[in-house]
>>> print(open('start-v2.cif').read())   # mmCIF, C-alpha atoms
data_final
#
loop_
_atom_site.group_PDB
_atom_site.id
_atom_site.type_symbol
_atom_site.label_atom_id
_atom_site.label_comp_id
_atom_site.auth_asym_id
_atom_site.auth_seq_id
_atom_site.Cartn_x
_atom_site.Cartn_y
_atom_site.Cartn_z
ATOM 1 C CA MET A 1 6.810 21.603 -6.288
ATOM 2 C CA ALA A 2 7.502 18.374 -4.396
ATOM 3 C CA SER A 3 10.244 16.103 -5.635
ATOM 4 C CA THR A 4 10.771 12.396 -5.120
ATOM 5 C CA GLN A 5 13.409 13.296 -2.530
ATOM 6 C CA ASP A 6 10.839 15.345 -0.605
ATOM 7 C CA ILE A 7 8.490 12.366 -0.372
ATOM 8 C CA LEU A 8 11.298 10.031 0.661
ATOM 9 C CA ARG A 9 12.322 12.490 3.364
ATOM 10 C CA VAL A 10 8.734 12.602 4.641
ATOM 11 C CA LEU A 11 8.761 8.821 4.649
ATOM 12 C CA ASP A 12 12.011 8.658 6.609
ATOM 13 C CA GLU A 13 10.792 11.211 9.137
ATOM 14 C CA TYR A 14 7.563 9.288 9.623
ATOM 15 C CA LYS A 15 9.472 6.076 10.243
ATOM 16 C CA ARG A 16 11.274 7.737 13.150
ATOM 17 C CA LYS A 17 7.939 8.288 14.889
ATOM 18 C CA PRO A 18 6.232 5.778 17.194
ATOM 19 C CA GLU A 19 2.991 5.818 15.171
ATOM 20 C CA SER A 20 4.843 4.302 12.242
ATOM 21 C CA TYR A 21 5.309 1.134 14.289
ATOM 22 C CA GLY A 22 1.551 0.879 14.749
ATOM 23 C CA MET A 23 1.092 1.508 11.046
ATOM 24 C CA LYS A 24 3.506 -1.313 10.252
ATOM 25 C CA LEU A 25 1.434 -3.702 12.342
ATOM 26 C CA ARG A 26 -1.784 -2.522 10.667
ATOM 27 C CA LEU A 27 -0.252 -3.041 7.215
ATOM 28 C CA ASN A 28 0.958 -6.518 8.121
ATOM 29 C CA LEU A 29 -2.409 -7.474 9.581
ATOM 30 C CA ALA A 30 -4.247 -6.193 6.502
ATOM 31 C CA GLU A 31 -1.930 -8.093 4.214
ATOM 32 C CA LEU A 32 -2.348 -11.268 6.213
ATOM 33 C CA VAL A 33 -6.145 -11.013 6.306
ATOM 34 C CA ILE A 34 -6.410 -10.176 2.601
ATOM 35 C CA GLN A 35 -4.207 -13.124 1.704
ATOM 36 C CA GLN A 36 -6.220 -15.474 3.848
ATOM 37 C CA LEU A 37 -9.561 -14.191 2.577
ATOM 38 C CA LYS A 38 -8.358 -14.943 -0.944
ATOM 39 C CA SER A 39 -7.162 -18.354 0.109
ATOM 40 C CA ASN A 40 -10.515 -19.152 1.742
ATOM 41 C CA GLY A 41 -12.541 -17.608 -1.056
ATOM 42 C CA TRP A 42 -14.242 -15.379 1.491
ATOM 43 C CA SER A 43 -15.508 -11.835 1.123
ATOM 44 C CA GLN A 44 -15.191 -9.212 3.828
ATOM 45 C CA ARG A 45 -18.891 -9.754 4.443
ATOM 46 C CA ASP A 46 -18.256 -13.439 5.133
ATOM 47 C CA LEU A 47 -15.571 -12.458 7.600
ATOM 48 C CA ALA A 48 -17.888 -9.959 9.273
ATOM 49 C CA GLN A 49 -20.505 -12.667 9.707
ATOM 50 C CA GLU A 50 -17.992 -15.160 11.072
ATOM 51 C CA THR A 51 -16.542 -12.727 13.590
ATOM 52 C CA GLY A 52 -19.626 -10.705 14.529
ATOM 53 C CA LEU A 53 -17.691 -7.541 13.650
ATOM 54 C CA LYS A 54 -19.196 -4.862 11.442
ATOM 55 C CA GLU A 55 -18.347 -5.079 7.756
ATOM 56 C CA ALA A 56 -17.300 -1.422 7.705
ATOM 57 C CA TYR A 57 -14.830 -2.161 10.478
ATOM 58 C CA ILE A 58 -13.432 -5.140 8.553
ATOM 59 C CA SER A 59 -13.083 -2.861 5.539
ATOM 60 C CA ARG A 60 -11.079 -0.355 7.586
ATOM 61 C CA ILE A 61 -8.819 -3.168 8.780
ATOM 62 C CA LEU A 62 -8.257 -4.284 5.187
ATOM 63 C CA HIS A 63 -7.351 -0.699 4.321
ATOM 64 C CA SER A 64 -4.981 -0.522 7.324
ATOM 65 C CA ASP A 65 -7.043 2.354 8.685
ATOM 66 C CA ALA A 66 -8.489 0.671 11.776
ATOM 67 C CA ASN A 67 -6.652 0.867 15.057
ATOM 68 C CA CYS A 68 -8.113 -2.468 15.999
ATOM 69 C CA THR A 69 -7.865 -4.062 19.412
ATOM 70 C CA PHE A 70 -6.085 -7.325 20.099
ATOM 71 C CA GLU A 71 -9.519 -8.747 20.868
ATOM 72 C CA SER A 72 -10.865 -7.861 17.421
ATOM 73 C CA ALA A 73 -7.688 -9.050 15.737
ATOM 74 C CA GLY A 74 -8.029 -12.288 17.691
ATOM 75 C CA LYS A 75 -11.585 -12.801 16.457
ATOM 76 C CA ILE A 76 -10.491 -12.289 12.870
ATOM 77 C CA LEU A 77 -7.449 -14.526 13.090
ATOM 78 C CA PHE A 78 -9.472 -17.210 14.870
ATOM 79 C CA ALA A 79 -12.116 -17.133 12.146
ATOM 80 C CA LEU A 80 -9.409 -17.389 9.497
ATOM 81 C CA GLU A 81 -7.601 -20.120 11.443
ATOM 82 C CA VAL A 82 -4.358 -18.164 11.503
ATOM 83 C CA LYS A 83 -2.069 -18.126 14.506
ATOM 84 C CA VAL A 84 0.348 -15.225 14.798
ATOM 85 C CA ALA A 85 3.291 -14.294 16.972
ATOM 86 C CA LEU A 86 5.054 -10.970 17.388
ATOM 87 C CA LEU A 87 8.773 -11.199 16.788
ATOM 88 C CA PRO A 88 11.499 -8.561 16.542
ATOM 89 C CA GLU A 89 12.760 -7.440 13.180
ATOM 90 C CA PRO A 90 16.541 -7.562 13.373
ATOM 91 C CA GLU A 91 17.509 -6.863 9.808
ATOM 92 C CA TRP A 92 17.436 -3.209 8.850
ATOM 93 C CA THR A 93 18.612 -1.648 5.655
ATOM 94 C CA SER A 94 19.076 1.982 4.731
ATOM 95 C CA THR A 95 16.652 3.827 2.527
ATOM 96 C CA ASP A 96 19.634 4.634 0.372
ATOM 97 C CA ASP A 97 19.865 0.980 -0.601
ATOM 98 C CA LEU A 98 16.254 0.896 -1.659
ATOM 99 C CA HIS A 99 16.006 4.129 -3.531
ATOM 100 C CA GLY A 100 19.410 4.465 -5.148
ATOM 101 C CA LYS A 101 21.369 7.592 -4.346
ATOM 102 C CA GLU A 102 18.444 9.922 -4.389
ATOM 103 C CA ILE A 103 18.798 11.336 -0.883
ATOM 104 C CA ASP A 104 21.742 12.555 1.123
ATOM 105 C CA GLN A 105 23.369 10.064 3.425
ATOM 106 C CA GLU A 106 22.853 12.482 6.330
ATOM 107 C CA ASP A 107 19.120 12.272 5.843
ATOM 108 C CA VAL A 108 19.045 8.510 5.814
ATOM 109 C CA THR A 109 17.976 6.770 8.943
ATOM 110 C CA THR A 110 16.561 3.313 8.656
ATOM 111 C CA GLU A 111 14.070 1.500 6.542
ATOM 112 C CA TRP A 112 11.648 -1.302 7.098
ATOM 113 C CA PRO A 113 13.418 -4.639 6.916
ATOM 114 C CA ILE A 114 13.621 -6.403 3.625
ATOM 115 C CA ARG A 115 10.584 -8.625 3.330
ATOM 116 C CA ARG A 116 10.970 -12.300 4.033
ATOM 117 C CA PHE A 117 8.752 -15.274 4.134
ATOM 118 C CA PRO A 118 7.987 -16.542 7.644
ATOM 119 C CA GLN A 119 10.568 -18.754 9.254
ATOM 120 C CA THR A 120 8.779 -19.456 12.462
ATOM 121 C CA ASP A 121 11.504 -21.726 13.761
ATOM 122 C CA SER A 122 13.895 -18.786 14.050
ATOM 123 C CA SER A 123 13.808 -15.832 16.419
ATOM 124 C CA GLU A 124 15.584 -13.717 13.837
ATOM 125 C CA THR A 125 12.871 -13.421 11.284
ATOM 126 C CA ILE A 126 9.961 -11.072 11.026
ATOM 127 C CA GLY A 127 7.605 -8.654 12.746
ATOM 128 C CA ILE A 128 4.589 -10.883 12.770
ATOM 129 C CA ALA A 129 4.963 -14.544 12.017
ATOM 130 C CA ALA A 130 1.912 -16.450 10.944
ATOM 131 C CA ALA A 131 1.121 -20.111 10.896
ATOM 132 C CA ALA A 132 -2.024 -21.567 9.521
ATOM 133 C CA ARG A 133 -3.332 -24.198 7.237
ATOM 134 C CA SER A 134 -0.899 -25.633 4.759
ATOM 135 C CA ASP A 135 -2.231 -23.512 1.903
ATOM 136 C CA LEU A 136 -1.272 -20.259 3.596
ATOM 137 C CA LYS A 137 1.650 -18.401 2.104
ATOM 138 C CA VAL A 138 2.016 -15.036 3.721
ATOM 139 C CA PRO A 139 4.963 -12.758 3.069
ATOM 140 C CA LEU A 140 5.430 -10.653 6.182
ATOM 141 C CA GLY A 141 7.965 -8.437 7.780
ATOM 142 C CA MET B 1 2.651 15.391 -22.428
ATOM 143 C CA VAL B 2 2.145 13.885 -18.973
ATOM 144 C CA GLU B 3 5.455 13.315 -17.201
ATOM 145 C CA VAL B 4 5.790 10.821 -14.369
ATOM 146 C CA HIS B 5 8.663 10.472 -11.909
ATOM 147 C CA GLY B 6 9.857 7.305 -10.217
ATOM 148 C CA LEU B 7 9.110 7.153 -6.495
ATOM 149 C CA PHE B 8 9.540 3.490 -5.650
ATOM 150 C CA VAL B 9 11.674 1.966 -8.343
ATOM 151 C CA GLY B 10 14.029 -1.007 -8.377
ATOM 152 C CA ARG B 11 14.316 -4.642 -7.501
ATOM 153 C CA ASP B 12 12.826 -4.230 -4.014
ATOM 154 C CA PHE B 13 9.454 -3.273 -5.410
ATOM 155 C CA LYS B 14 7.136 -5.773 -7.018
ATOM 156 C CA THR B 15 5.154 -2.870 -8.403
ATOM 157 C CA GLU B 16 7.154 0.214 -9.273
ATOM 158 C CA VAL B 17 5.414 3.503 -8.643
ATOM 159 C CA TRP B 18 5.639 6.497 -10.953
ATOM 160 C CA LEU B 19 3.801 9.714 -10.136
ATOM 161 C CA THR B 20 3.010 13.031 -11.789
ATOM 162 C CA ASP B 21 4.024 16.304 -10.123
ATOM 163 C CA LYS B 22 0.417 16.809 -9.146
ATOM 164 C CA VAL B 23 0.244 13.540 -7.224
ATOM 165 C CA ARG B 24 3.632 14.139 -5.589
ATOM 166 C CA ASP B 25 2.572 17.625 -4.499
ATOM 167 C CA GLN B 26 -0.741 16.502 -3.028
ATOM 168 C CA LEU B 27 0.916 13.604 -1.272
ATOM 169 C CA CYS B 28 3.513 15.876 0.303
ATOM 170 C CA GLU B 29 0.959 18.530 1.244
ATOM 171 C CA SER B 30 -1.307 16.053 3.012
ATOM 172 C CA GLU B 31 -1.356 16.156 6.812
ATOM 173 C CA LYS B 32 -0.978 12.396 6.661
ATOM 174 C CA ALA B 33 1.856 12.433 4.130
ATOM 175 C CA GLY B 34 4.053 10.022 6.097
ATOM 176 C CA GLU B 35 1.246 7.551 6.559
ATOM 177 C CA LEU B 36 0.177 7.760 2.928
ATOM 178 C CA ALA B 37 3.722 7.312 1.642
ATOM 179 C CA THR B 38 4.268 4.378 4.002
ATOM 180 C CA LYS B 39 1.180 2.625 2.675
ATOM 181 C CA LEU B 40 2.122 3.286 -0.911
ATOM 182 C CA GLU B 41 5.601 1.925 -0.278
ATOM 183 C CA HIS B 42 4.164 -1.175 1.385
ATOM 184 C CA PHE B 43 1.833 -1.835 -1.545
ATOM 185 C CA ALA B 44 4.784 -1.363 -3.912
ATOM 186 C CA LYS B 45 6.982 -3.804 -2.034
ATOM 187 C CA VAL B 46 4.336 -6.499 -1.668
ATOM 188 C CA GLY B 47 2.885 -5.901 -5.112
ATOM 189 C CA PHE B 48 -0.258 -3.924 -5.910
ATOM 190 C CA ILE B 49 -2.042 -7.021 -7.100
ATOM 191 C CA ASN B 50 -2.220 -8.311 -3.531
ATOM 192 C CA PHE B 51 -4.336 -5.318 -2.496
ATOM 193 C CA GLU B 52 -6.527 -5.140 -5.528
ATOM 194 C CA ALA B 53 -10.187 -5.997 -6.120
ATOM 195 C CA LYS B 54 -13.375 -4.560 -7.513
ATOM 196 C CA VAL B 55 -14.601 -3.881 -3.972
ATOM 197 C CA GLY B 56 -13.296 -4.000 -0.439
ATOM 198 C CA ARG B 57 -9.598 -3.537 -1.099
ATOM 199 C CA PRO B 58 -7.326 -0.491 -1.052
ATOM 200 C CA ILE B 59 -6.725 -0.755 -4.803
ATOM 201 C CA LYS B 60 -9.969 -0.649 -6.695
ATOM 202 C CA TYR B 61 -10.520 -1.184 -10.396
ATOM 203 C CA GLU B 62 -12.653 1.511 -11.971
ATOM 204 C CA TRP B 63 -12.967 1.103 -15.729
ATOM 205 C CA ASN B 64 -10.949 1.289 -18.977
ATOM 206 C CA GLY B 65 -7.841 0.066 -17.195
ATOM 207 C CA VAL B 66 -7.933 2.770 -14.538
ATOM 208 C CA TYR B 67 -7.420 1.978 -10.855
ATOM 209 C CA ARG B 68 -8.004 4.020 -7.736
ATOM 210 C CA ILE B 69 -5.688 3.609 -4.760
ATOM 211 C CA GLY B 70 -7.243 4.378 -1.403
ATOM 212 C CA LEU B 71 -4.470 5.482 0.884
ATOM 213 C CA HIS B 72 -6.445 6.643 3.854
ATOM 214 C CA ALA B 73 -9.854 6.738 5.491
ATOM 215 C CA SER B 74 -9.755 10.475 4.732
ATOM 216 C CA LEU B 75 -10.692 9.320 1.210
ATOM 217 C CA PHE B 76 -7.395 10.434 -0.341
ATOM 218 C CA ARG B 77 -7.274 8.676 -3.700
ATOM 219 C CA VAL B 78 -4.610 8.291 -6.377
ATOM 220 C CA ILE B 79 -5.889 7.478 -9.861
ATOM 221 C CA GLY B 80 -3.728 5.748 -12.395
ATOM 222 C CA PHE B 81 -3.043 2.659 -14.449
ATOM 223 C CA TYR B 82 -0.628 -0.205 -14.831
ATOM 224 C CA GLU B 83 2.102 0.149 -17.405
ATOM 225 C CA ASP B 84 1.391 -3.273 -18.844
ATOM 226 C CA ASP B 85 -0.421 -6.553 -18.236
ATOM 227 C CA ARG B 86 2.307 -7.845 -15.919
ATOM 228 C CA LYS B 87 1.393 -5.060 -13.477
ATOM 229 C CA THR B 88 4.995 -4.424 -12.512
ATOM 230 C CA GLY B 89 4.636 -0.670 -12.772
ATOM 231 C CA PHE B 90 1.894 1.734 -11.723
ATOM 232 C CA VAL B 91 1.514 5.222 -13.133
ATOM 233 C CA GLY B 92 -0.299 7.594 -10.783
ATOM 234 C CA VAL B 93 -1.657 10.446 -12.874
ATOM 235 C CA ASP B 94 -4.242 12.267 -10.780
ATOM 236 C CA VAL B 95 -5.332 12.543 -7.179
ATOM 237 C CA PHE B 96 -8.434 13.653 -5.343
ATOM 238 C CA THR B 97 -10.036 13.504 -1.957
ATOM 239 C CA LYS B 98 -13.238 11.565 -2.441
ATOM 240 C CA GLY B 99 -16.273 13.532 -1.361
ATOM 241 C CA GLY B 100 -18.524 10.683 -0.351
ATOM 242 C CA GLN B 101 -19.450 7.079 -0.822
ATOM 243 C CA LYS B 102 -20.188 7.471 -4.524
ATOM 244 C CA LEU B 103 -18.021 9.160 -7.119
ATOM 245 C CA SER B 104 -19.210 12.586 -8.217
ATOM 246 C CA LYS B 105 -19.553 13.565 -11.866
ATOM 247 C CA ALA B 106 -16.353 15.586 -11.668
ATOM 248 C CA GLU B 107 -14.477 12.652 -10.151
ATOM 249 C CA LYS B 108 -15.758 10.332 -12.867
ATOM 250 C CA LYS B 109 -14.567 12.782 -15.483
ATOM 251 C CA ARG B 110 -11.096 12.757 -13.966
ATOM 252 C CA ILE B 111 -11.041 8.978 -14.149
ATOM 253 C CA LYS B 112 -12.051 9.236 -17.805
ATOM 254 C CA ASP B 113 -9.236 11.700 -18.397
ATOM 255 C CA VAL B 114 -6.745 9.260 -16.872
ATOM 256 C CA ALA B 115 -8.159 6.536 -19.108
ATOM 257 C CA LYS B 116 -7.421 8.770 -22.104
ATOM 258 C CA VAL B 117 -3.804 9.112 -20.993
ATOM 259 C CA ARG B 118 -3.566 5.355 -20.638
ATOM 260 C CA ALA B 119 -5.096 4.753 -24.063
ATOM 261 C CA ASP B 120 -2.503 6.912 -25.792
ATOM 262 C CA ALA B 121 0.998 5.674 -24.951
ATOM 263 C CA SER B 122 2.525 8.725 -26.602
ATOM 264 C CA SER B 123 0.709 11.052 -24.189
ATOM 265 C CA TRP B 124 2.887 10.223 -21.196
ATOM 266 C CA ARG B 125 6.508 9.498 -20.490
ATOM 267 C CA LYS B 126 8.758 8.537 -17.620
ATOM 268 C CA VAL B 127 11.288 11.005 -16.294
ATOM 269 C CA PRO B 128 14.057 9.042 -14.592
ATOM 270 C CA ASN B 129 15.223 11.677 -12.115
ATOM 271 C CA GLY B 130 13.489 14.424 -10.242
#
>>> encode(input="start-v2.cif", output="structure tokens")
Amino acid sequence: MASTQDILRVLDEYKRKPESYGMKLRLNLAELVIQQLKSNGWSQRDLAQETGLKEAYISRILHSDANCTFESAGKILFALEVKVALLPEPEWTSTDDLHGKEIDQEDVTTEWPIRRFPQTDSSETIGIAAAARSDLKVPLG
Amino acid sequence: MVEVHGLFVGRDFKTEVWLTDKVRDQLCESEKAGELATKLEHFAKVGFINFEAKVGRPIKYEWNGVYRIGLHASLFRVIGFYEDDRKTGFVGVDVFTKGGQKLSKAEKKRIKDVAKVRADASSWRKVPNG
């Protein structure tokens, strides 16, 4: 029977793999697009029409399942009037901090950075920084 | 009595996640366990409400207060409910791999069963450790 510790170990192991970095970007993109769709009052169908991308593909992006190209991401961000920049994530915290003392220190590697709101004037901020219309409030990173 | 265990709990999570043994087992046994857990953690940190809608979002409202979390294109789904109206805690009771576009009769029944658990607060309890 799997315990909470087992799942947290799986999570830590996954975060040591390169694919987890791609997943992080997909999650951030999905979050950004969802937030902006809400802000615009658009549906995924509206976005599909604006971008010329298939609605099913947009859906997979919103579910963080699509390994979308920069070109497709560009079309979406252009339609939503969101500019983004990739920035390093300098602040790392241990899983131990986030989950109490549930796993052995030896098993702890690193965890995604604590989430912050974009501070696009600083190089020490977030994974993807976004800037858009004044009504956009996107927690990233 | 349905027992749920804290997975993502504490101040870093806008929505705390509590899961039954069944959900924890299926999550761990999945080939995509790392990916699924990463998504679930992300939703928990950002807050489930940001990924929720009737259609087109990873967290879909079904009926009678029951929600379905889509964690992967493989149609892996966690079924559960929010602890209260503030939506600061999610209780994942059951899990299934969706067979197709529409829910089958058996899948609908499982959602109904989760709704029954939700309706009776004395039918489930949190287990702090484990």
>>> interface_residues(input="start-v2.cif", of="chain A", to="chain B", cutoff="6 Å", atoms="only C-alpha atoms", output="list in words")
Ala2, Ser3, Thr4, Val10, Leu11, Tyr14 and His63 of chain A
>>> resolve_selection(input="start-v2.cif", expression="the PyMOL selection byres ((chain B and resi 101-108) around 12)", output="count of residues only")
26
>>> closest_residue(input="start-v2.cif", among="A:Leu80, A:Met23, A:Ala30, A:Leu87", to="Trp42 of chain A", atoms="only C-alpha atoms")
A:Leu80
>>> atom_distance(input="start-v2.cif", atom1="atom CA of Glu31 of chain B", atom2="atom CA of Lys54 of chain A")
28.0 Å
>>> residues_around(input="start-v2.cif", residues="Arg26 of chain A", least_positions_apart="2", cutoff="8 Å", atoms="all atoms listed in the file", output="compact mmCIF listing (two decimals) with C-alpha atoms, keeping the file's coordinate frame")
# COMPACT_ATOMS: atom_id res chain seq x y z
CA GLY A 22 1.55 0.88 14.75
CA MET A 23 1.09 1.51 11.05
CA LYS A 24 3.51 -1.31 10.25
CA ASN A 28 0.96 -6.52 8.12
CA LEU A 29 -2.41 -7.47 9.58
CA ALA A 30 -4.25 -6.19 6.50
CA ILE A 61 -8.82 -3.17 8.78
CA SER A 64 -4.98 -0.52 7.32
CA ASP A 65 -7.04 2.35 8.68
CA ALA A 66 -8.49 0.67 11.78
CA ASN A 67 -6.65 0.87 15.06
>>> atom_distance(input="start-v2.cif", atom1="atom CA of Leu86 of chain A", atom2="atom CA of Leu25 of chain A")
9.6 Å
>>> closest_residue(input="start-v2.cif", among="A:Glu13, A:Asp46, A:Glu89, A:Glu19", to="Ile58 of chain A", atoms="all atoms listed in the file")
A:Asp46
>>> closest_residue(input="start-v2.cif", among="A:Gln5, A:Lys38, A:Ile76, A:Thr69", to="Leu53 of chain A", atoms="all atoms listed in the file")
A:Ile76
>>> residues_near_point(input="start-v2.cif", point="(1.1, 13.6, -24.5)", cutoff="6 Å", atoms="all atoms listed in the file", output="list in words")
Met1, Val2, Ser122, Ser123 and Trp124 of chain B
>>> closest_residue(input="start-v2.cif", among="B:Ala53, B:Val117, B:Val91, B:Val127", to="Leu62 of chain A", atoms="only C-alpha atoms")
B:Ala53
>>> atom_distance(input="start-v2.cif", atom1="atom CA of Ala121 of chain B", atom2="atom CA of Met1 of chain A")
25.2 Å
>>> resolve_selection(input="start-v2.cif", expression="the PyMOL selection byres ((chain B and resi 87) around 9)", output="compact mmCIF listing (two decimals) with C-alpha atoms, in the frame of the given file")
# COMPACT_ATOMS: atom_id res chain seq x y z
CA LYS B 14 7.14 -5.77 -7.02
CA THR B 15 5.15 -2.87 -8.40
CA GLU B 16 7.15 0.21 -9.27
CA GLY B 47 2.88 -5.90 -5.11
CA PHE B 48 -0.26 -3.92 -5.91
CA ILE B 49 -2.04 -7.02 -7.10
CA PHE B 81 -3.04 2.66 -14.45
CA TYR B 82 -0.63 -0.20 -14.83
CA GLU B 83 2.10 0.15 -17.40
CA ASP B 84 1.39 -3.27 -18.84
CA ASP B 85 -0.42 -6.55 -18.24
CA ARG B 86 2.31 -7.84 -15.92
CA THR B 88 5.00 -4.42 -12.51
CA GLY B 89 4.64 -0.67 -12.77
CA PHE B 90 1.89 1.73 -11.72
>>> closest_residue(input="start-v2.cif", among="A:Arg9, A:Ser39, A:Ala79, A:Ala85", to="Thr51 of chain A", atoms="all atoms listed in the file")
A:Ala79
>>> build_atoms(input="start-v2.cif", residues="segment 39-51 of chain A", atoms="N, CA and C atoms", output="PDB file, in the frame of the given file")
ATOM      1  N   SER A  39      -7.411 -16.922   0.005  1.00  0.00           N
ATOM      2  CA  SER A  39      -7.162 -18.354   0.109  1.00  0.00           C
ATOM      3  C   SER A  39      -8.442 -19.117   0.458  1.00  0.00           C
ATOM      4  N   ASN A  40      -9.264 -18.511   1.324  1.00  0.00           N
ATOM      5  CA  ASN A  40     -10.515 -19.152   1.742  1.00  0.00           C
ATOM      6  C   ASN A  40     -11.651 -18.940   0.748  1.00  0.00           C
ATOM      7  N   GLY A  41     -11.456 -17.980  -0.147  1.00  0.00           N
ATOM      8  CA  GLY A  41     -12.541 -17.608  -1.056  1.00  0.00           C
ATOM      9  C   GLY A  41     -13.636 -16.863  -0.330  1.00  0.00           C
ATOM     10  N   TRP A  42     -13.262 -16.140   0.704  1.00  0.00           N
ATOM     11  CA  TRP A  42     -14.242 -15.379   1.491  1.00  0.00           C
ATOM     12  C   TRP A  42     -14.257 -13.926   1.056  1.00  0.00           C
ATOM     13  N   SER A  43     -15.408 -13.280   1.289  1.00  0.00           N
ATOM     14  CA  SER A  43     -15.508 -11.835   1.123  1.00  0.00           C
ATOM     15  C   SER A  43     -15.369 -11.198   2.502  1.00  0.00           C
ATOM     16  N   GLN A  44     -15.266  -9.874   2.514  1.00  0.00           N
ATOM     17  CA  GLN A  44     -15.191  -9.212   3.828  1.00  0.00           C
ATOM     18  C   GLN A  44     -16.520  -9.363   4.574  1.00  0.00           C
ATOM     19  N   ARG A  45     -17.596  -9.522   3.810  1.00  0.00           N
ATOM     20  CA  ARG A  45     -18.891  -9.754   4.443  1.00  0.00           C
ATOM     21  C   ARG A  45     -18.918 -11.109   5.153  1.00  0.00           C
ATOM     22  N   ASP A  46     -18.348 -12.109   4.499  1.00  0.00           N
ATOM     23  CA  ASP A  46     -18.256 -13.439   5.133  1.00  0.00           C
ATOM     24  C   ASP A  46     -17.496 -13.340   6.449  1.00  0.00           C
ATOM     25  N   LEU A  47     -16.402 -12.594   6.404  1.00  0.00           N
ATOM     26  CA  LEU A  47     -15.571 -12.458   7.600  1.00  0.00           C
ATOM     27  C   LEU A  47     -16.336 -11.712   8.702  1.00  0.00           C
ATOM     28  N   ALA A  48     -17.083 -10.708   8.300  1.00  0.00           N
ATOM     29  CA  ALA A  48     -17.888  -9.959   9.273  1.00  0.00           C
ATOM     30  C   ALA A  48     -18.891 -10.890   9.954  1.00  0.00           C
ATOM     31  N   GLN A  49     -19.510 -11.742   9.153  1.00  0.00           N
ATOM     32  CA  GLN A  49     -20.505 -12.667   9.707  1.00  0.00           C
ATOM     33  C   GLN A  49     -19.849 -13.682  10.641  1.00  0.00           C
ATOM     34  N   GLU A  50     -18.698 -14.161  10.261  1.00  0.00           N
ATOM     35  CA  GLU A  50     -17.992 -15.160  11.072  1.00  0.00           C
ATOM     36  C   GLU A  50     -17.534 -14.598  12.411  1.00  0.00           C
ATOM     37  N   THR A  51     -17.131 -13.326  12.390  1.00  0.00           N
ATOM     38  CA  THR A  51     -16.542 -12.727  13.590  1.00  0.00           C
ATOM     39  C   THR A  51     -17.538 -11.942  14.428  1.00  0.00           C
TER      40      THR A  51
END
